[in-house]
Each structure stands twice: as C-alpha cells, then as structure tokens.
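Enquirer: data_5.cif is reproduced in full below (mmCIF, C-alpha atoms).
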```
data_work
loop_
_atom_site.label_atom_id
_atom_site.label_comp_id
_atom_site.auth_asym_id
_atom_site.auth_seq_id
_atom_site.Cartn_x
_atom_site.Cartn_y
_atom_site.Cartn_z
CA MET A 1 0.00 0.00 0.00
CA ARG A 2 3.00 2.29 0.42
CA ASN A 3 3.13 2.72 -3.37
CA ILE A 4 -0.30 4.36 -3.38
CA LYS A 5 0.22 8.12 -3.17
CA THR A 6 -3.17 9.70 -3.83
CA ALA A 7 -6.83 9.05 -3.05
CA GLN A 8 -7.46 8.56 -6.77
CA ASP A 9 -4.76 5.88 -6.91
CA ALA A 10 -6.37 4.19 -3.91
CA PHE A 11 -9.83 4.37 -5.51
CA GLU A 12 -8.57 2.86 -8.76
CA THR A 13 -6.84 0.10 -6.78
CA GLY A 14 -10.15 -0.68 -5.07
CA ARG A 15 -11.96 -0.71 -8.43
CA TYR A 16 -9.36 -3.05 -9.92
CA LEU A 17 -9.62 -5.44 -7.00
CA GLY A 18 -13.40 -5.13 -7.00
CA LYS A 19 -13.76 -6.07 -10.66
CA TYR A 20 -11.35 -8.96 -10.29
CA LEU A 21 -13.20 -10.35 -7.29
CA SER A 22 -16.62 -9.75 -8.79
CA ASP A 23 -15.66 -11.59 -11.97
CA LEU A 24 -14.65 -14.56 -9.79
CA GLY A 25 -17.96 -14.51 -7.90
CA PHE A 26 -16.79 -13.09 -4.59
CA ASN A 27 -18.78 -10.48 -2.66
CA VAL A 28 -16.33 -9.39 0.08
CA ASP A 29 -12.68 -8.40 0.44
CA PHE A 30 -11.06 -8.25 3.88
CA ALA A 31 -9.49 -4.97 2.86
CA PRO A 32 -8.26 -2.32 3.08
CA ASP A 33 -5.80 -2.31 5.96
CA ALA A 34 -6.67 0.72 8.09
CA ASP A 35 -3.87 0.30 10.62
CA VAL A 36 -1.88 3.41 11.50
CA LEU A 37 1.72 2.24 11.66
CA THR A 38 3.06 3.74 14.89
CA ALA A 39 5.30 0.82 15.90
CA PRO A 40 8.25 1.12 13.52
CA GLY A 41 9.38 -2.43 14.22
CA SER A 42 6.08 -3.94 13.09
CA LYS A 43 6.80 -6.42 10.32
CA ILE A 44 3.41 -8.13 10.38
CA ILE A 45 1.66 -4.93 9.26
CA GLY A 46 4.59 -3.24 7.54
CA ASP A 47 3.78 -1.97 4.06
CA ARG A 48 0.18 -3.16 4.29
CA SER A 49 -0.39 0.13 6.13
CA PHE A 50 -0.78 3.49 4.39
CA GLY A 51 1.61 4.99 6.95
CA ASN A 52 1.76 6.71 10.32
CA ASP A 53 -0.59 9.63 9.66
CA PRO A 54 -4.11 8.68 10.80
CA GLN A 55 -5.81 11.19 8.50
CA ARG A 56 -3.91 9.94 5.45
CA VAL A 57 -4.61 6.32 6.39
CA THR A 58 -8.33 7.12 6.74
CA GLU A 59 -8.49 8.97 3.43
CA LEU A 60 -6.72 6.30 1.39
CA ALA A 61 -8.43 3.36 3.09
CA ALA A 62 -11.81 4.99 2.46
CA ALA A 63 -10.93 5.46 -1.21
CA VAL A 64 -10.07 1.76 -1.58
CA SER A 65 -13.37 0.91 0.11
CA ASN A 66 -15.27 3.13 -2.31
CA GLY A 67 -13.51 1.50 -5.25
CA LEU A 68 -14.50 -1.96 -4.04
CA HIS A 69 -18.10 -0.78 -3.75
CA GLU A 70 -18.12 0.12 -7.45
CA TYR A 71 -18.31 -3.61 -8.16
CA GLY A 72 -20.53 -4.63 -5.27
CA ILE A 73 -17.67 -5.90 -3.10
CA LEU A 74 -18.11 -5.40 0.64
CA SER A 75 -15.15 -3.70 2.34
CA CYS A 76 -13.47 -4.26 5.69
CA PHE A 77 -11.31 -1.93 7.80
CA LYS A 78 -8.78 -3.91 9.83
CA HIS A 79 -7.45 -4.48 12.50
CA PHE A 80 -9.35 -2.67 15.29
CA PRO A 81 -8.18 -1.05 17.55
CA GLY A 82 -4.95 -0.75 15.58
CA HIS A 83 -2.47 -3.54 14.92
CA GLY A 84 0.03 -0.93 13.80
CA ALA A 85 0.64 -0.06 17.45
CA VAL A 86 2.30 -3.42 18.20
CA GLU A 87 5.43 -5.08 16.89
CA ALA A 88 4.63 -8.70 17.73
CA ASP A 89 2.73 -11.04 15.41
CA THR A 90 -0.62 -12.39 16.65
CA HIS A 91 -0.22 -15.34 14.27
CA LYS A 92 2.52 -16.55 16.60
CA GLY A 93 1.26 -15.54 20.06
CA LEU A 94 0.63 -12.65 22.40
CA ALA A 95 0.94 -9.14 20.96
CA PHE A 96 0.12 -6.13 23.07
CA THR A 97 0.35 -2.37 23.40
CA GLU A 98 0.52 -0.47 26.67
CA LYS A 99 -1.27 2.53 25.15
CA THR A 100 -4.33 3.82 26.98
CA LEU A 101 -7.68 4.12 25.24
CA GLU A 102 -7.23 7.89 25.08
CA LYS A 103 -3.92 7.51 23.25
CA LEU A 104 -5.39 4.97 20.83
CA MET A 105 -8.38 7.23 20.24
CA ALA A 106 -6.03 10.08 19.34
CA CYS A 107 -4.29 8.08 16.61
CA GLU A 108 -4.75 4.38 15.82
CA ILE A 109 -8.52 4.29 16.31
CA ILE A 110 -9.24 7.33 14.12
CA PRO A 111 -9.85 5.35 10.89
CA PHE A 112 -12.20 2.99 12.71
CA ALA A 113 -14.02 5.88 14.37
CA GLU A 114 -14.85 7.23 10.91
CA ALA A 115 -15.62 3.87 9.29
CA GLY A 116 -19.37 4.06 9.85
CA GLU A 117 -19.79 7.46 8.18
CA LEU A 118 -17.52 6.33 5.36
CA GLY A 119 -19.81 3.39 4.58
CA VAL A 120 -17.31 0.68 5.45
CA ASP A 121 -19.22 -2.61 5.59
CA MET A 122 -17.30 -4.38 8.33
CA ILE A 123 -14.51 -3.97 10.83
CA MET A 124 -12.12 -6.77 11.67
CA ALA A 125 -11.11 -7.03 15.34
CA ALA A 126 -7.48 -7.76 16.10
CA HIS A 127 -6.25 -10.33 18.59
CA ILE A 128 -3.95 -7.73 20.15
CA SER A 129 -4.11 -7.19 23.91
CA VAL A 130 -4.49 -3.82 25.63
CA PRO A 131 -3.65 -4.44 29.31
CA SER A 132 -3.64 -0.72 30.16
CA ILE A 133 -7.31 -0.63 29.15
CA LEU A 134 -8.62 -4.05 30.18
CA GLY A 135 -6.28 -4.86 33.05
CA ASN A 136 -5.46 -8.25 31.49
CA ASN A 137 -4.31 -9.82 28.22
CA THR A 138 -7.71 -10.65 26.75
CA PRO A 139 -7.51 -10.19 22.96
CA CYS A 140 -9.60 -7.27 21.74
CA SER A 141 -11.43 -9.69 19.45
CA LEU A 142 -12.85 -11.43 22.53
CA SER A 143 -13.45 -8.34 24.65
CA GLU A 144 -16.99 -7.08 25.16
CA TYR A 145 -15.61 -3.78 26.40
CA MET A 146 -13.58 -3.17 23.23
CA LEU A 147 -16.11 -4.45 20.68
CA THR A 148 -19.37 -3.34 22.27
CA ALA A 149 -18.63 -0.51 24.71
CA VAL A 150 -15.95 1.15 22.56
CA LEU A 151 -16.52 0.20 18.92
CA LYS A 152 -20.31 -0.03 18.84
CA GLU A 153 -21.43 2.30 21.60
CA ARG A 154 -18.74 4.96 21.92
CA LEU A 155 -17.79 5.08 18.23
CA GLY A 156 -21.31 4.32 17.00
CA TYR A 157 -20.28 1.68 14.49
CA ASN A 158 -23.32 -0.28 13.26
CA GLY A 159 -21.75 -2.36 10.50
CA LEU A 160 -20.58 -5.95 10.71
CA VAL A 161 -17.89 -6.87 13.21
CA ILE A 162 -15.70 -9.85 12.31
CA THR A 163 -12.89 -11.40 14.29
CA ASP A 164 -9.45 -11.88 12.85
CA ALA A 165 -8.76 -15.57 12.13
CA LEU A 166 -9.44 -17.60 15.25
CA ASN A 167 -6.81 -20.17 14.27
CA MET A 168 -4.04 -17.70 15.15
CA SER A 169 -1.83 -18.53 18.11
CA ALA A 170 -2.77 -15.43 20.10
CA VAL A 171 -6.14 -17.18 20.56
CA THR A 172 -5.40 -20.89 20.29
CA LYS A 173 -2.63 -20.84 22.91
CA GLU A 174 -5.06 -19.54 25.54
CA TYR A 175 -8.56 -20.65 24.54
CA SER A 176 -10.28 -23.77 23.24
CA ASP A 177 -12.19 -23.49 19.96
CA GLY A 178 -15.54 -23.47 21.73
CA GLU A 179 -14.46 -21.03 24.43
CA ALA A 180 -13.08 -18.54 21.89
CA ALA A 181 -16.25 -18.75 19.79
CA VAL A 182 -18.55 -18.07 22.72
CA LEU A 183 -16.41 -15.20 23.98
CA ALA A 184 -16.32 -13.62 20.52
CA VAL A 185 -20.10 -13.71 20.16
CA LYS A 186 -20.59 -12.35 23.69
CA ALA A 187 -18.05 -9.63 22.92
CA GLY A 188 -20.12 -8.43 19.96
CA ALA A 189 -18.64 -10.16 16.90
CA ASP A 190 -21.12 -10.95 14.13
CA ILE A 191 -18.82 -13.27 12.18
CA LEU A 192 -16.24 -15.68 13.58
CA LEU A 193 -13.43 -16.07 11.08
CA MET A 194 -11.72 -19.44 10.64
CA PRO A 195 -12.16 -21.25 13.97
CA PRO A 196 -9.80 -24.25 13.86
CA ASP A 197 -12.65 -26.68 14.55
CA LEU A 198 -15.84 -25.24 13.04
CA ASP A 199 -18.06 -27.98 14.49
CA ALA A 200 -16.72 -27.43 18.02
CA ALA A 201 -17.19 -23.68 17.72
CA ALA A 202 -20.74 -23.98 16.41
CA GLU A 203 -21.69 -26.54 19.06
CA ALA A 204 -20.32 -24.33 21.85
CA VAL A 205 -22.29 -21.31 20.64
CA GLU A 206 -25.46 -23.40 20.30
CA THR A 207 -25.00 -24.75 23.81
CA ALA A 208 -24.46 -21.24 25.15
CA VAL A 209 -27.75 -20.17 23.57
CA VAL A 210 -29.63 -23.17 24.96
CA ASN A 211 -28.18 -22.50 28.43
CA GLY A 212 -29.11 -18.83 28.29
CA GLU A 213 -25.50 -17.65 28.32
CA ILE A 214 -26.11 -16.01 24.93
CA ALA A 215 -29.54 -14.67 24.05
CA GLU A 216 -31.09 -16.08 20.88
CA GLU A 217 -31.90 -12.49 19.92
CA ARG A 218 -28.17 -11.77 19.90
CA ILE A 219 -27.68 -14.45 17.21
CA ASP A 220 -30.70 -13.19 15.25
CA GLU A 221 -29.27 -9.67 15.28
CA SER A 222 -26.03 -10.80 13.66
CA VAL A 223 -27.81 -12.97 11.10
CA GLN A 224 -30.03 -10.05 10.07
CA LYS A 225 -27.01 -7.77 9.69
CA ILE A 226 -25.20 -10.35 7.56
CA LEU A 227 -28.21 -10.92 5.30
CA GLU A 228 -28.75 -7.18 4.87
CA LYS A 229 -25.12 -6.68 3.84
CA LYS A 230 -25.41 -9.50 1.32
CA ARG A 231 -28.51 -7.88 -0.18
CA GLN A 232 -26.77 -4.53 -0.23
CA GLY A 233 -23.82 -5.94 -2.15
CA GLN A 234 -26.12 -7.64 -4.64
CA LYS A 235 -28.00 -4.41 -5.34
CA SER A 236 -24.74 -2.53 -5.86
CA ASP A 237 -23.48 -5.22 -8.23
CA ASP A 238 -26.75 -5.23 -10.22
CA SER A 239 -26.49 -1.51 -10.82
CA ILE A 240 -23.12 -1.72 -12.64
#
```
Using the file provided, produce a representation of the structure as structure tokens.

Expert:
Amino acid sequence: MRNIKTAQDAFETGRYLGKYLSDLGFNVDFAPDADVLTAPGSKIIGDRSFGNDPQRVTELAAAVSNGLHEYGILSCFKHFPGHGAVEADTHKGLAFTEKTLEKLMACEIIPFAEAGELGVDMIMAAHISVPSILGNNTPCSLSEYMLTAVLKERLGYNGLVITDALNMSAVTKEYSDGEAAVLAVKAGADILLMPPDLDAAAEAVETAVVNGEIAEERIDESVQKILEKKRQGQKSDDSI
C-alpha cells in the first residue's frame, strides 16, 4: 500500500480489485488495511499500512473501500483497535500495546471511528491485547468492552464486526475453539473467522444459547445484519 500516493490511486486500486473479485464470484474483500503504523518495528503490518498519519490512512483506506463498492464488493477496515501499534505477530502468540484508550483514540482508532460514516461494511477485530485498558491480556477480538462498549457504543459503528482468524496462536494458545467462539459472540462479533474446529465452535455457541449464556436475539441480530449486507452488495453489483 505504500506505493499508493493519492486518493485517486487508492480508488482505482479498489476498483481493480473489485472487478477482479466480482468476476470470480466473490462479494467481500477483507481490505483495506486501516492500521496506523506507529510501531516502527512492526513487520506483520509493515507496508500493508498506508503509513503513520491517521488522517492519510483514513483517506486512502476509504478510497479503496469506495472502489470496491463500485463492483458490489463489501469492504473491511482492519485491524481494530490498531495492529500498527504493536510489533509482535498475533499469528505466533501474544501481541500487546501499553497505550491507553485515550492515546489509541487520538491516533490508531481514528480510521475505525470514521468507518461508519464512510460506509465501510465491516470492521475486523485484532487479537492484540491492551492491558492498560482491560487490566489483562484478553484479545480485543474477545473483549466485550472493546467491541461493544468502545466500537459499537462509543464510536457508534453499526456495520458488521468480524474477528481476525481464530486459528491464530494469540487465541489458540489460551482458549479452546468453543471457548473462543462463545467469547467472541458475547463480545459483539457478528462473524467468527476461521475457527480451527468449526463444528466445536458452532456446538459451543449453540450450547451457550440453549443455556441462556447467549440470548437467541443476539444471534438473530447478527444474522439479520449479515443478510442485509449480502442484499446490499447484490443491489450494488446489479447496478453496474
């Protein structure tokens, strides 16, 4: 993404990707990366980021999103609340930042705070930990405070919330497949991405609903949001 210099370049990149994906029958791209790169040693994000200026990152990420929409492809800002603030790789294990919520809000969270108004279809939650905020190493993807209290309520984001891949070591080293799935749903995630054992994850969520740990209405809410986004993408695609 570092080679993209202008919003028009970013828009055309989104259009190119959108046409390519649409021609292949896809309706969603887990892009663009909306991480503000504030940890210079971060190799996992690296040149996937548009840089260290939150306003520039927001502008260019939004342009890619708009380009994807030209071909009915749903867009996704990732990785909330900002994987660019950490140097470690959540594919391999624990990755954390000691930044407070106020500091994240002043920089890394800015693109995600604007995602709703920019029409971004979904936000992907990172498995990074924020001990200065939560008081423990719970991944943000499994934190009700981060996904519901901050992202949905404080920032007002009403689009889809998806976890980063649940087969990554930051999750699997600490949680079983079923436990991670239930925590993600309770946290506010609408889509659980790539649980290692899909059957175990689904069974755990179903059991949690039957036991009253998760309200059935909570599942219905996510299903309705997913179906509406699918219809939205289809309408956009039909209009091309």

Enquirer: Skip Leu160 of chain A itself and residues of its chain fewer than 4 positions away, then list as number ranges by chain all residues within 7 Å of it, counting all atoms listed in the file.

Expert: A: 121-123, 190, 225

Enquirer: Given the PyMOL selection byres ((chain A and resi 73-90) around 8) and the file above, list the residues it selects as number ranges by chain.

Expert: A: 18, 21-22, 26-45, 49, 61, 65, 68-72, 91-97, 104, 108-109, 112, 115, 120-128, 140, 164, 168-170, 229, 233, 237

Enquirer: How far is it from atom CA of Asn137 of chain A to atom CA of Gly159 of chain A, in Å with one decimal?

Expert: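 Between atom CA of Asn137 of chain A and atom CA of Gly159 of chain A the gap is 26.0 Å.
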
Enquirer: Between A:Gln55, A:Thr6, A:Asn136, A:Asn158, which one has atoms that come closest to Pro111 of chain A, using only C-alpha atoms?

Expert: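 Among the listed residues, A:Gln55 lies closest to Pro111 of chain A.
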
Enquirer: Measuring atom to atom with all atoms listed in the file, identify which of A:Ser132, A:Gln224, A:Asn211, A:Ser176 is nearest to Glu98 of chain A.

Expert: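 So, comparing all the options, the nearest one is A:Ser132.
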
Enquirer: Quick check, in Å to one decimal: how far apart do atom CA of Glu144 of chain A and atom CA of Asp220 of chain A lie?

Expert: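 These two atoms are separated by 18.0 Å.
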
Enquirer: To one decimal place, how far is atom CA of Thr172 of chain A from atom CA of Pro195 of chain A in Å?

Expert: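 Those two atoms sit 9.3 Å apart.
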
Enquirer: Compare A:Ala181, A:Val209, A:Val161, A:Met194 by their minimum atom-to-atom distance to Ser222 of chain A, counting only C-alpha atoms, and give me the closest one.

Expert: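 Ranked by minimum distance to Ser222 of chain A, first place goes to A:Val161.
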
Enquirer: Leu193 of chain A: which residues within 7 Å, counting only C-alpha atoms, same-chain residues fewer than 3 positions away excluded, as a PDB file with C-alpha atoms, in the frame of the given file?

Expert:
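Result file out-v1.pdb:
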```pdb
ATOM      1  CA  ILE A 162     -15.700  -9.850  12.310  1.00  0.00           C
ATOM      2  CA  THR A 163     -12.890 -11.400  14.290  1.00  0.00           C
ATOM      3  CA  ASP A 164      -9.450 -11.880  12.850  1.00  0.00           C
ATOM      4  CA  ALA A 165      -8.760 -15.570  12.130  1.00  0.00           C
ATOM      5  CA  LEU A 166      -9.440 -17.600  15.250  1.00  0.00           C
TER       6      LEU A 166
END
```

Enquirer: Could you complete segment 120-131 of chain A so that it carries all heavy atoms, and give it back as a short mmCIF file (atom, residue, chain, number, x, y, z; two decimals), keeping the file's coordinate frame?

Expert:
```cif
data_model
loop_
_atom_site.label_atom_id
_atom_site.label_comp_id
_atom_site.auth_asym_id
_atom_site.auth_seq_id
_atom_site.Cartn_x
_atom_site.Cartn_y
_atom_site.Cartn_z
N VAL A 120 -18.07 1.92 5.40
CA VAL A 120 -17.31 0.68 5.45
C VAL A 120 -18.20 -0.44 5.98
O VAL A 120 -18.86 -0.28 7.01
CB VAL A 120 -16.05 0.84 6.33
CG1 VAL A 120 -15.30 -0.47 6.46
CG2 VAL A 120 -15.15 1.93 5.76
N ASP A 121 -18.24 -1.56 5.30
CA ASP A 121 -19.22 -2.61 5.59
C ASP A 121 -18.92 -3.41 6.84
O ASP A 121 -19.83 -3.86 7.53
CB ASP A 121 -19.31 -3.56 4.40
CG ASP A 121 -19.70 -2.84 3.13
OD1 ASP A 121 -20.86 -2.37 3.05
OD2 ASP A 121 -18.85 -2.72 2.23
N MET A 122 -17.64 -3.61 7.14
CA MET A 122 -17.30 -4.38 8.33
C MET A 122 -15.96 -3.94 8.89
O MET A 122 -15.16 -3.32 8.19
CB MET A 122 -17.29 -5.89 8.04
CG MET A 122 -16.24 -6.37 7.08
SD MET A 122 -16.31 -8.18 6.84
CE MET A 122 -17.81 -8.35 5.87
N ILE A 123 -15.78 -4.23 10.16
CA ILE A 123 -14.51 -3.97 10.83
C ILE A 123 -14.01 -5.29 11.40
O ILE A 123 -14.77 -6.04 12.02
CB ILE A 123 -14.67 -2.93 11.95
CG1 ILE A 123 -14.80 -1.52 11.34
CG2 ILE A 123 -13.50 -2.97 12.92
CD1 ILE A 123 -15.01 -0.42 12.36
N MET A 124 -12.73 -5.57 11.14
CA MET A 124 -12.12 -6.77 11.67
C MET A 124 -11.41 -6.45 12.98
O MET A 124 -10.61 -5.51 13.05
CB MET A 124 -11.11 -7.37 10.68
CG MET A 124 -10.44 -8.64 11.17
SD MET A 124 -9.27 -9.35 9.97
CE MET A 124 -10.41 -9.96 8.73
N ALA A 125 -11.72 -7.24 14.02
CA ALA A 125 -11.11 -7.03 15.34
C ALA A 125 -9.82 -7.82 15.47
O ALA A 125 -9.76 -9.01 15.17
CB ALA A 125 -12.10 -7.46 16.43
N ALA A 126 -8.79 -7.14 15.94
CA ALA A 126 -7.48 -7.76 16.10
C ALA A 126 -7.43 -8.59 17.37
O ALA A 126 -8.18 -8.37 18.33
CB ALA A 126 -6.40 -6.68 16.15
N HIS A 127 -6.49 -9.52 17.39
CA HIS A 127 -6.25 -10.33 18.59
C HIS A 127 -5.23 -9.67 19.52
O HIS A 127 -4.74 -10.32 20.44
CB HIS A 127 -5.74 -11.72 18.20
CG HIS A 127 -6.68 -12.52 17.36
ND1 HIS A 127 -8.04 -12.54 17.58
CD2 HIS A 127 -6.45 -13.33 16.29
CE1 HIS A 127 -8.61 -13.33 16.68
NE2 HIS A 127 -7.68 -13.81 15.89
N ILE A 128 -4.92 -8.41 19.28
CA ILE A 128 -3.95 -7.73 20.15
C ILE A 128 -4.55 -7.50 21.53
O ILE A 128 -5.78 -7.38 21.68
CB ILE A 128 -3.47 -6.40 19.55
CG1 ILE A 128 -4.62 -5.38 19.44
CG2 ILE A 128 -2.82 -6.62 18.20
CD1 ILE A 128 -4.16 -3.99 19.05
N SER A 129 -3.68 -7.43 22.53
CA SER A 129 -4.11 -7.19 23.91
C SER A 129 -3.80 -5.76 24.31
O SER A 129 -2.81 -5.17 23.85
CB SER A 129 -3.40 -8.16 24.86
OG SER A 129 -3.73 -9.51 24.53
N VAL A 130 -4.65 -5.21 25.16
CA VAL A 130 -4.49 -3.82 25.63
C VAL A 130 -4.59 -3.80 27.15
O VAL A 130 -5.59 -3.33 27.72
CB VAL A 130 -5.55 -2.90 24.98
CG1 VAL A 130 -5.20 -2.61 23.52
CG2 VAL A 130 -6.95 -3.51 25.06
N PRO A 131 -3.57 -4.30 27.85
CA PRO A 131 -3.65 -4.44 29.31
C PRO A 131 -3.86 -3.13 30.05
O PRO A 131 -4.46 -3.13 31.12
CB PRO A 131 -2.30 -5.08 29.67
CG PRO A 131 -1.41 -4.82 28.50
CD PRO A 131 -2.30 -4.82 27.31
#
```
